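Inspection log for the structure reproduced underneath, given as structure tokens.
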Number of protein chains: 2
Amino acid sequence: LKENPDKLPYIKMPDSTRCYMDIDETIKDADIILIALPSQIIRKTLSEISRFNTNIPVVCCSKGIEENTGNTMAEVIEKSLPDSKVVVLSGPSHAEEIGRRIPTAVVAASKHRDMALKVQDVFMSDKFRVYTSKDVKGVELGGAVKNIIALCAGISDGLGFGDNTKAALMTRGMAEIIRFGVKLGADRETFSGLSGIGDLIVTCTSGFSRNRQAGILIGKGMSAEKAQQKVGMIVESITTLKPVFELSQKHDVEMPITEKAYEIIYKHKNPGKAVEELMTRDKKDE
Amino acid sequence: LKENPDKLPYIKMPDSTRCYMDIDETIKDADIILIALPSQIIRKTLSEISRFNTNIPVVCCSKGIEENTGNTMAEVIEKSLPDSKVVVLSGPSHAEEIGRRIPTAVVAASKHRDMALKVQDVFMSDKFRVYTSKDVKGVELGGAVKNIIALCAGISDGLGFGDNTKAALMTRGMAEIIRFGVKLGADRETFSGLSGIGDLIVTCTSGFSRNRQAGILIGKGMSAEKAQQKVGMIVESITTLKPVFELSQKHDVEMPITEKAYEIIYKHKNPGKAVEELMTRDKKDE
């Protein structure tokens with residue numbers, strides 16, 4: 001039980017790690033609760049918690065937008081545990097590298113500054129640098145929507161396009177994430193940070209990203225369902241795509257790349273055709 | 001003469017391409033002048049032009065800061081050819097991929113909007129998308145300073161660090177480019193665009209980047225001089241590093257990554273030690 005050979009092979013957990021089958025027992029004596037579940041099962045899981053210490057940080061490492069409600073993960077946690085003080089921990093931080101003690105930097109965002117500082121204190125080391133932020137919404141939206149752009153970066157790679165194409169896609173993708181985030185109340189500056197462009201970069205370029213891997217398969221002609229099966233883990237970009245697309249329509253935010261991704265995944269649009277349409281839009285100012 | 005087997009192998013130039021040995025003859029009947037020279041020889045080269053049509057765009061594809069003067073390339077051109085109407089063309093656009101007609105998007109920036117629009121018209125195709133911008137300074141500084149961050153990304157790779165490290169370096173590198181650029185009069189938003197983060201991404205992650213290649217060698221322990229020789233072409237980041245560092249000191253801009261790069265290249269600081277110092281700076285807000 002001190003290693004997870006499927007999901008994180010060759011990384012030994014500390015001997016002090018304990019596993020529990022009961023959620024109330026898990027958090028009974030906790031100083032910090034850390035949540036790292038797939039986005040769509042957080043609400044159900046937290047509904048099983050009967051009581052908890054409201055004076056400790058609840059650290060959210062999950063990224064995504066809840067279907068139907070359009071809630072971010074911190075919002076889901078706050079609604080499920082009304083007295084919780086949520087800290088969102090986000091940034092370019094593939095577990096495969098953190099486990100090998102490769103230098104990594106992230107951001108801890110909270111409306112409760114004391115809780116953000118506590119998380120910074122506990123997690124900071126000479127290999128893991130933690131910055132603090134107040135902009136929970138911006139940190140969360142960056143982390144969630146970037147997965148959609150990573151899916152598209154994978155599709156571009158799968159179609160055989162190059163580094164130029166992917167960099168353009170990431171840049172214009174970031175522009176639409178910013179438009180979306182600012183409309184929903186986030187600070188523009190947050191998206192230039194570790195949880196925004198930083199996480200976008202690592203997710204779009206790293207071999208470890210499941211979102212990108214699924215995109216590559218789709219770019220090569222596989223259906224979204226088959227690509228998910230082949231990747232073998234939950235592909236957050238595909239579950240997040242629908243609520244993000246719906247929110248963009250509702251708030252009238254122009255998101256051409258997200259829209260094409262939606263058409264590819266949910267309307268079976270040909271990926272090559274989608275890229276061609278993006279490249280031949282009207283001439284624009286940047 | 002219709003191929004450059006050393007610098008751009010397997011890419012055929014159009015039959016209509018002509019080469020001249022005399023610069024006045026080269027530009028005599030030009031509709032557009034396009035300059036793509038190493039940054040430190042532009043002033044000398046342009047001094048040989050005796051007269052030119054002042055009603056055509058002079059398109060600058062060179063990136064860098066001139067030593068001693070601290071001028072950007074557009075500033076060098078404007079000072080050398082006082083009546084020129086400069087358009088800076090910049091963005092994630094490795095020639096190796098453009099030559100293979102891989103989808104690419106760039107920005108054309110000029111104080112003269114009619115010239116920017118002309119360049120957009122002439123260069124735009126279904127494989128090459130051109131946006132326009134007014135912020136010449138921002139586009140140029142993004143393109144120049146990003147090479148320093150790419151050098152550092154290479155050093156990180158050469159030291160054996162991972163995708164997390166590089167993404168953090170690029171994000172914090174972008175933050176210092178923005179501080180630097182805004183202090184020198186650029187618009188903050190430009191750095192979120194193709195010429196800023198877009199070009200940073202492609203330069204830090206692509207195998208084609210000479211700046212990154214030089215960095216990898218330095219990270220593995222080679223001296224800066226030997227690394228330049230081995231890469232075999234001019235490494236713009238190393239020539240740009242000194243004027244950028246000096247400008248940052250003069251204008252009192254905090255640029256910790258540029259400072260470490262300067263110490264590595266010009267003071268023989270150990271690269272591993274430099275990374276350790278960056279990771280263990282004071283705890284900060286993002």
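Quick note on naming: the chains in the structure tokens go A, B, ... in the order shown, residues restart at 1 in each chain, and ligands are numbered from 1 in order of appearance.
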Go through stretch 24-110 of chain B residue by residue and, counting only C-alpha atoms, keep those with an atom at most 10 Å from stretch 147-171 of chain A; for each kept residue give the shortest atom pair and its distance in Å to one decimal, ordered by chain and increasing number, as a Markdown table.
| residue | atom | partner | partner_atom | distance |
| --- | --- | --- | --- | --- |
| B:Gly91 | CA | A:Ala168 | CA | 8.3 |
| B:Pro92 | CA | A:Asn164 | CA | 5.2 |
| B:Ser93 | CA | A:Asn164 | CA | 5.3 |
| B:His94 | CA | A:Asn164 | CA | 6.6 |
| B:Ala95 | CA | A:Asn164 | CA | 9.4 |
| B:Glu96 | CA | A:Gly162 | CA | 9.7 |
| B:Glu97 | CA | A:Gly162 | CA | 6.7 |
| B:Ile98 | CA | A:Asn164 | CA | 8.2 |
| B:Arg100 | CA | A:Gly162 | CA | 9.6 |
| B:Arg101 | CA | A:Phe161 | CA | 9.4 |
| B:Ile102 | CA | A:Phe161 | CA | 6.0 |
| B:Pro103 | CA | A:Thr165 | CA | 5.3 |
| B:Thr104 | CA | A:Thr165 | CA | 5.1 |
| B:Ala105 | CA | A:Ala168 | CA | 5.8 |
| B:Val106 | CA | A:Ala168 | CA | 8.0 |
Once you have the residues from the selection above, write them out as a short mmCIF file (atom, residue, chain, number, x, y, z; two decimals), in the first residue's frame, restricted to all heavy atoms.
data_model
loop_
_atom_site.label_atom_id
_atom_site.label_comp_id
_atom_site.auth_asym_id
_atom_site.auth_seq_id
_atom_site.Cartn_x
_atom_site.Cartn_y
_atom_site.Cartn_z
N GLY B 91 6.34 36.33 -33.63
CA GLY B 91 5.41 35.31 -33.16
C GLY B 91 6.05 33.94 -33.26
O GLY B 91 7.19 33.80 -33.71
N PRO B 92 5.33 32.92 -32.81
CA PRO B 92 5.89 31.55 -32.80
C PRO B 92 5.98 31.00 -34.22
O PRO B 92 4.99 30.49 -34.74
CB PRO B 92 4.90 30.76 -31.95
CG PRO B 92 3.63 31.54 -32.01
CD PRO B 92 3.96 32.96 -32.27
N SER B 93 7.13 31.09 -34.86
CA SER B 93 7.20 30.86 -36.30
C SER B 93 8.57 30.33 -36.72
O SER B 93 9.31 31.02 -37.42
CB SER B 93 6.91 32.17 -37.04
OG SER B 93 7.68 33.24 -36.48
N HIS B 94 8.90 29.12 -36.27
CA HIS B 94 10.15 28.52 -36.74
C HIS B 94 10.09 28.34 -38.26
O HIS B 94 9.14 27.78 -38.79
CB HIS B 94 10.38 27.17 -36.07
CG HIS B 94 10.94 27.31 -34.69
ND1 HIS B 94 12.14 27.92 -34.45
CD2 HIS B 94 10.44 26.96 -33.49
CE1 HIS B 94 12.38 27.93 -33.15
NE2 HIS B 94 11.36 27.37 -32.54
N ALA B 95 11.15 28.80 -38.93
CA ALA B 95 11.21 28.75 -40.39
C ALA B 95 11.07 27.31 -40.89
O ALA B 95 10.46 27.06 -41.94
CB ALA B 95 12.53 29.34 -40.87
N GLU B 96 11.63 26.38 -40.14
CA GLU B 96 11.59 24.97 -40.54
C GLU B 96 10.14 24.49 -40.75
O GLU B 96 9.88 23.63 -41.58
CB GLU B 96 12.25 24.09 -39.48
CG GLU B 96 13.75 24.30 -39.31
CD GLU B 96 14.12 25.49 -38.42
OE1 GLU B 96 13.23 26.29 -38.07
OE2 GLU B 96 15.31 25.62 -38.08
N GLU B 97 9.22 25.04 -39.95
CA GLU B 97 7.82 24.62 -40.07
C GLU B 97 7.06 25.45 -41.11
O GLU B 97 6.25 24.92 -41.86
CB GLU B 97 7.13 24.70 -38.71
CG GLU B 97 7.73 23.72 -37.71
CD GLU B 97 6.90 23.58 -36.45
OE1 GLU B 97 5.93 24.33 -36.27
OE2 GLU B 97 7.22 22.70 -35.63
N ILE B 98 7.33 26.75 -41.15
CA ILE B 98 6.66 27.59 -42.16
C ILE B 98 6.99 27.07 -43.55
O ILE B 98 6.12 26.97 -44.41
CB ILE B 98 7.09 29.07 -42.03
CG1 ILE B 98 6.69 29.61 -40.66
CG2 ILE B 98 6.48 29.92 -43.13
CD1 ILE B 98 7.19 31.00 -40.38
N ARG B 100 7.48 24.15 -44.43
CA ARG B 100 6.71 22.94 -44.71
C ARG B 100 5.20 23.20 -44.70
O ARG B 100 4.40 22.28 -44.64
CB ARG B 100 7.07 21.85 -43.68
CG ARG B 100 8.46 21.24 -43.93
CD ARG B 100 9.00 20.53 -42.67
NE ARG B 100 8.03 19.62 -42.11
CZ ARG B 100 7.86 19.42 -40.80
NH1 ARG B 100 8.60 20.07 -39.92
NH2 ARG B 100 6.95 18.58 -40.36
N ARG B 101 4.82 24.49 -44.72
CA ARG B 101 3.41 24.91 -44.77
C ARG B 101 2.60 24.38 -43.59
O ARG B 101 1.43 24.00 -43.73
CB ARG B 101 2.76 24.51 -46.11
CG ARG B 101 3.38 25.25 -47.30
CD ARG B 101 2.68 24.99 -48.63
NE ARG B 101 1.23 25.19 -48.64
CZ ARG B 101 0.63 26.37 -48.64
NH1 ARG B 101 1.34 27.48 -48.62
NH2 ARG B 101 -0.68 26.44 -48.65
N ILE B 102 3.22 24.38 -42.42
CA ILE B 102 2.51 24.01 -41.20
C ILE B 102 1.80 25.26 -40.65
O ILE B 102 2.39 26.34 -40.65
CB ILE B 102 3.52 23.42 -40.18
CG1 ILE B 102 3.83 21.98 -40.59
CG2 ILE B 102 3.00 23.49 -38.76
CD1 ILE B 102 4.89 21.31 -39.77
N PRO B 103 0.53 25.12 -40.21
CA PRO B 103 -0.23 26.30 -39.78
C PRO B 103 0.50 27.12 -38.71
O PRO B 103 0.95 26.57 -37.70
CB PRO B 103 -1.53 25.70 -39.22
CG PRO B 103 -1.71 24.42 -39.97
CD PRO B 103 -0.31 23.90 -40.19
N THR B 104 0.61 28.42 -38.95
CA THR B 104 1.39 29.33 -38.11
C THR B 104 0.63 30.65 -37.99
O THR B 104 -0.03 31.06 -38.94
CB THR B 104 2.77 29.55 -38.79
OG1 THR B 104 3.46 28.31 -38.87
CG2 THR B 104 3.62 30.57 -38.03
N ALA B 105 0.72 31.29 -36.83
CA ALA B 105 0.07 32.60 -36.64
C ALA B 105 1.06 33.57 -36.01
O ALA B 105 1.78 33.22 -35.08
CB ALA B 105 -1.17 32.46 -35.75
N VAL B 106 1.10 34.81 -36.55
CA VAL B 106 2.05 35.82 -36.08
C VAL B 106 1.34 37.17 -35.95
O VAL B 106 0.17 37.30 -36.29
CB VAL B 106 3.24 35.96 -37.05
CG1 VAL B 106 4.01 34.65 -37.17
CG2 VAL B 106 2.77 36.43 -38.42
#
### Selection: 12 Å around A:Glu25, only C-alpha atoms, excl. self and same-chain fewer than 6 positions, as a list in words
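Listing them by chain and then by number gives Arg18, Cys19, Glu48, Ile49, Ser50, Arg51 and Phe52 of chain A.
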Produce a file of the selected residues containing N, CA, C and O atoms, as a CSV table (one decimal), in the first residue's frame.
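Done, and the output landed in part19.csv:
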chain,number,residue,atom,x,y,z
A,18,ARG,N,-1.3,6.5,5.9
A,18,ARG,CA,-2.3,5.6,6.3
A,18,ARG,C,-3.5,5.7,5.3
A,18,ARG,O,-3.8,6.7,4.8
A,19,CYS,N,-4.1,4.5,5.1
A,19,CYS,CA,-5.3,4.5,4.2
A,19,CYS,C,-6.5,4.1,5.1
A,19,CYS,O,-6.4,3.2,6.0
A,48,GLU,N,-20.9,12.6,2.2
A,48,GLU,CA,-20.8,11.5,3.2
A,48,GLU,C,-20.1,12.0,4.5
A,48,GLU,O,-20.0,11.2,5.4
A,49,ILE,N,-19.5,13.2,4.5
A,49,ILE,CA,-18.8,13.7,5.6
A,49,ILE,C,-19.9,14.2,6.6
A,49,ILE,O,-20.7,15.1,6.2
A,50,SER,N,-19.9,13.8,7.8
A,50,SER,CA,-21.0,14.2,8.8
A,50,SER,C,-20.5,15.4,9.6
A,50,SER,O,-21.4,16.3,9.9
A,51,ARG,N,-19.3,15.5,10.0
A,51,ARG,CA,-18.8,16.7,10.7
A,51,ARG,C,-17.3,16.8,10.5
A,51,ARG,O,-16.6,15.8,10.3
A,52,PHE,N,-16.8,18.0,10.6
A,52,PHE,CA,-15.3,18.2,10.4
A,52,PHE,C,-14.9,19.5,11.1
A,52,PHE,O,-15.7,20.3,11.5
Pick out the residues sitting within 12 Å of stretch 248-253 of chain B, and hand them over as a tab-separated table (two decimals) with C-alpha atoms, in the first residue's frame; count only C-alpha atoms, and ignore anything fewer than 4 positions along from it in its own chain.
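Result file is around_19.tsv:
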chain	number	residue	atom	x	y	z
B	70	GLY	CA	19.99	49.27	-25.65
B	145	VAL	CA	13.82	38.86	-23.91
B	175	ALA	CA	6.34	37.80	-15.27
B	176	GLU	CA	9.75	39.45	-15.38
B	177	ILE	CA	9.51	40.15	-19.13
B	178	ILE	CA	6.21	41.94	-18.43
B	179	ARG	CA	7.72	43.98	-15.55
B	180	PHE	CA	10.62	44.92	-17.83
B	181	GLY	CA	8.44	45.73	-20.84
B	182	VAL	CA	5.88	47.81	-18.96
B	183	LYS	CA	8.69	49.82	-17.37
B	184	LEU	CA	10.07	50.52	-20.86
B	185	GLY	CA	6.68	51.68	-22.19
B	241	LEU	CA	21.50	39.08	-22.15
B	242	LYS	CA	24.01	41.80	-21.40
B	243	PRO	CA	22.01	44.85	-22.61
B	244	VAL	CA	18.80	43.47	-21.03
B	257	ILE	CA	15.89	34.70	-13.70
B	258	THR	CA	17.70	37.08	-16.08
B	259	GLU	CA	20.07	37.92	-13.24
B	262	TYR	CA	23.79	36.70	-16.43
### Query
Taking the backbone alone, and naming residues the way the document does, which bits of stretch 74-151 of chain A are helix (DSSP H, G or I) by DSSP, as a ChimeraX atom specification?
/A:74-80,95-98,113-123,136-151
### Query
Can you list, as an NGL selection string, every protein, DNA or RNA residue that comes within 8 Å of A:Leu34 when you count only C-alpha atoms, leaving out same-chain residues fewer than 5 positions away?
:A and (58-61)
### Query
Got a sec to tell me which of stretch 54-256 of chain B DSSP assigns to strand (DSSP E), as a PyMOL selection string?
chain B and resi 57-60+85-90+104-109+128-133
### Best match for closeness to B:Ile35 among B:Val76, B:Lys7, B:Pro14, B:Gly138, counting only C-alpha atoms
B:Val76
### Query
Hey, which of A:Lys118, A:Lys230, A:Lys63, A:Arg43 ends up closest to chain B? Count only C-alpha atoms.
A:Lys118
### Query
Hey, what's within 10 Å of A:Gln40 if we count only C-alpha atoms and toss same-chain stuff fewer than 2 positions away? As a ChimeraX atom specification, please?
/A:37-38,42-45,62-67,73,76,236,239-240
Write a file of the selected residues as a PDB file, in the first residue's frame, keeping N, CA, C and O atoms.
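Result file is out_1.pdb:
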ATOM      1  N   LEU A  37      -9.978  14.421  -6.117  1.00  0.00           N
ATOM      2  CA  LEU A  37     -10.887  13.470  -6.759  1.00  0.00           C
ATOM      3  C   LEU A  37     -11.262  13.964  -8.155  1.00  0.00           C
ATOM      4  O   LEU A  37     -11.167  15.151  -8.430  1.00  0.00           O
ATOM      5  N   PRO A  38     -11.723  13.048  -9.037  1.00  0.00           N
ATOM      6  CA  PRO A  38     -12.280  13.521 -10.313  1.00  0.00           C
ATOM      7  C   PRO A  38     -13.414  14.518 -10.048  1.00  0.00           C
ATOM      8  O   PRO A  38     -14.181  14.371  -9.089  1.00  0.00           O
ATOM      9  N   ILE A  42     -17.018  14.830  -6.602  1.00  0.00           N
ATOM     10  CA  ILE A  42     -16.692  15.514  -5.346  1.00  0.00           C
ATOM     11  C   ILE A  42     -17.940  15.758  -4.502  1.00  0.00           C
ATOM     12  O   ILE A  42     -17.975  15.484  -3.301  1.00  0.00           O
ATOM     13  N   ARG A  43     -18.999  16.253  -5.128  1.00  0.00           N
ATOM     14  CA  ARG A  43     -20.211  16.577  -4.363  1.00  0.00           C
ATOM     15  C   ARG A  43     -20.742  15.346  -3.635  1.00  0.00           C
ATOM     16  O   ARG A  43     -21.033  15.395  -2.433  1.00  0.00           O
ATOM     17  N   LYS A  44     -20.819  14.234  -4.353  1.00  0.00           N
ATOM     18  CA  LYS A  44     -21.341  13.003  -3.761  1.00  0.00           C
ATOM     19  C   LYS A  44     -20.439  12.545  -2.604  1.00  0.00           C
ATOM     20  O   LYS A  44     -20.911  12.166  -1.531  1.00  0.00           O
ATOM     21  N   THR A  45     -19.108  12.588  -2.833  1.00  0.00           N
ATOM     22  CA  THR A  45     -18.171  12.116  -1.803  1.00  0.00           C
ATOM     23  C   THR A  45     -18.274  12.971  -0.542  1.00  0.00           C
ATOM     24  O   THR A  45     -18.311  12.449   0.577  1.00  0.00           O
ATOM     25  N   SER A  62      -8.437  19.300  -7.195  1.00  0.00           N
ATOM     26  CA  SER A  62      -9.217  18.867  -8.356  1.00  0.00           C
ATOM     27  C   SER A  62      -9.501  20.065  -9.254  1.00  0.00           C
ATOM     28  O   SER A  62      -9.628  21.188  -8.779  1.00  0.00           O
ATOM     29  N   LYS A  63      -9.579  19.793 -10.556  1.00  0.00           N
ATOM     30  CA  LYS A  63      -9.833  20.860 -11.520  1.00  0.00           C
ATOM     31  C   LYS A  63     -10.988  20.464 -12.407  1.00  0.00           C
ATOM     32  O   LYS A  63     -11.038  19.346 -12.887  1.00  0.00           O
ATOM     33  N   GLY A  64     -11.897  21.389 -12.623  1.00  0.00           N
ATOM     34  CA  GLY A  64     -13.000  21.088 -13.520  1.00  0.00           C
ATOM     35  C   GLY A  64     -14.181  21.974 -13.215  1.00  0.00           C
ATOM     36  O   GLY A  64     -14.138  22.798 -12.297  1.00  0.00           O
ATOM     37  N   ILE A  65     -15.222  21.818 -14.009  1.00  0.00           N
ATOM     38  CA  ILE A  65     -16.479  22.535 -13.820  1.00  0.00           C
ATOM     39  C   ILE A  65     -17.545  21.464 -13.687  1.00  0.00           C
ATOM     40  O   ILE A  65     -17.582  20.533 -14.493  1.00  0.00           O
ATOM     41  N   GLU A  66     -18.395  21.602 -12.675  1.00  0.00           N
ATOM     42  CA  GLU A  66     -19.426  20.590 -12.464  1.00  0.00           C
ATOM     43  C   GLU A  66     -20.495  20.693 -13.550  1.00  0.00           C
ATOM     44  O   GLU A  66     -20.964  21.789 -13.871  1.00  0.00           O
ATOM     45  N   GLU A  67     -20.861  19.543 -14.093  1.00  0.00           N
ATOM     46  CA  GLU A  67     -21.934  19.534 -15.087  1.00  0.00           C
ATOM     47  C   GLU A  67     -23.243  19.996 -14.455  1.00  0.00           C
ATOM     48  O   GLU A  67     -23.449  19.841 -13.255  1.00  0.00           O
ATOM     49  N   MET A  73     -14.818  23.727  -8.542  1.00  0.00           N
ATOM     50  CA  MET A  73     -14.650  22.721  -7.480  1.00  0.00           C
ATOM     51  C   MET A  73     -14.705  23.354  -6.080  1.00  0.00           C
ATOM     52  O   MET A  73     -15.257  22.775  -5.155  1.00  0.00           O
ATOM     53  N   VAL A  76     -18.253  23.842  -5.271  1.00  0.00           N
ATOM     54  CA  VAL A  76     -18.889  22.572  -4.901  1.00  0.00           C
ATOM     55  C   VAL A  76     -18.557  22.243  -3.445  1.00  0.00           C
ATOM     56  O   VAL A  76     -19.435  21.864  -2.660  1.00  0.00           O
ATOM     57  N   GLU A 236     -10.472  14.856 -18.007  1.00  0.00           N
ATOM     58  CA  GLU A 236     -11.235  15.980 -17.444  1.00  0.00           C
ATOM     59  C   GLU A 236     -11.688  16.959 -18.520  1.00  0.00           C
ATOM     60  O   GLU A 236     -12.728  17.584 -18.407  1.00  0.00           O
ATOM     61  N   THR A 239     -15.136  16.014 -19.897  1.00  0.00           N
ATOM     62  CA  THR A 239     -16.260  16.286 -18.987  1.00  0.00           C
ATOM     63  C   THR A 239     -16.437  17.790 -18.765  1.00  0.00           C
ATOM     64  O   THR A 239     -17.538  18.249 -18.518  1.00  0.00           O
ATOM     65  N   THR A 240     -15.344  18.551 -18.838  1.00  0.00           N
ATOM     66  CA  THR A 240     -15.423  20.001 -18.578  1.00  0.00           C
ATOM     67  C   THR A 240     -15.901  20.777 -19.802  1.00  0.00           C
ATOM     68  O   THR A 240     -16.450  21.864 -19.685  1.00  0.00           O
TER      69      THR A 240
END
So that I can check the surroundings of stretch 111-115 of chain A, please list as an mmCIF file with C-alpha atoms, in the first residue's frame every protein, DNA and RNA residue that reaches within 7 Å of it, counting only C-alpha atoms and ignoring chain neighbours fewer than 3 positions away.
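The new file part_14.cif reads:
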data_model
loop_
_atom_site.group_PDB
_atom_site.id
_atom_site.type_symbol
_atom_site.label_atom_id
_atom_site.label_comp_id
_atom_site.auth_asym_id
_atom_site.auth_seq_id
_atom_site.Cartn_x
_atom_site.Cartn_y
_atom_site.Cartn_z
ATOM 1 C CA PRO A 57 -7.866 24.377 5.423
ATOM 2 C CA LYS A 85 -12.266 27.287 4.378
ATOM 3 C CA VAL A 87 -7.628 26.695 -0.434
ATOM 4 C CA LYS A 118 -0.758 27.885 6.377
ATOM 5 C CA VAL A 119 -0.812 25.801 3.194
ATOM 6 C CA LYS A 134 -6.578 35.723 -3.304
ATOM 7 C CA VAL A 136 -9.754 31.612 -6.170
#
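Considering only C-alpha atoms, the residue among B:Asn4, B:Ser47, B:Asn55, B:Ser195 positioned nearest to chain A is B:Ser195.
The neighbours of B:Asn53 here are the residues that come within 12 Å of it, using only C-alpha atoms and leaving out any residue fewer than 6 positions away in the same chain; they are Asp24, Ile27, Lys28, Asp29, Ala30, Asp31, Ile32, Ile33, Leu81, Pro82, Asp83, Ser84 and Lys85 of chain B.
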#### Entry: Counting only C-alpha atoms, the residue of B:Ser223, B:Thr72, B:Thr203, B:Thr280 that sits nearest chain A
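Smallest separation from chain A among the options: B:Thr280.
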### Task
Point out the residue among B:Lys226, B:Gly173, B:Leu141, B:Asp135 with the least atom-to-atom distance to B:Leu278, counting only C-alpha atoms.
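Nearest to B:Leu278: B:Gly173.
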### Task
Rank A:Leu117, A:Ile201, A:Ala227, A:Met279 by their smallest atom-to-atom distance to A:Ile56, using only C-alpha atoms, and report the top residue only.
A:Leu117
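From atom CA of B:Arg212 back to atom CA of B:Ala224, the distance works out to 12.4 Å.
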### Task
Would you work out the distance separating atom CA of A:Glu254 from atom CA of B:Asp121, expressed in Å to one decimal?
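Those two atoms sit 24.2 Å apart.
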### Query
So how many Å separate atom CA of A:Val88 and atom CA of A:Ala109, to one decimal?
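Atom CA of A:Ala109 lies at a distance of 5.1 Å from atom CA of A:Val88.
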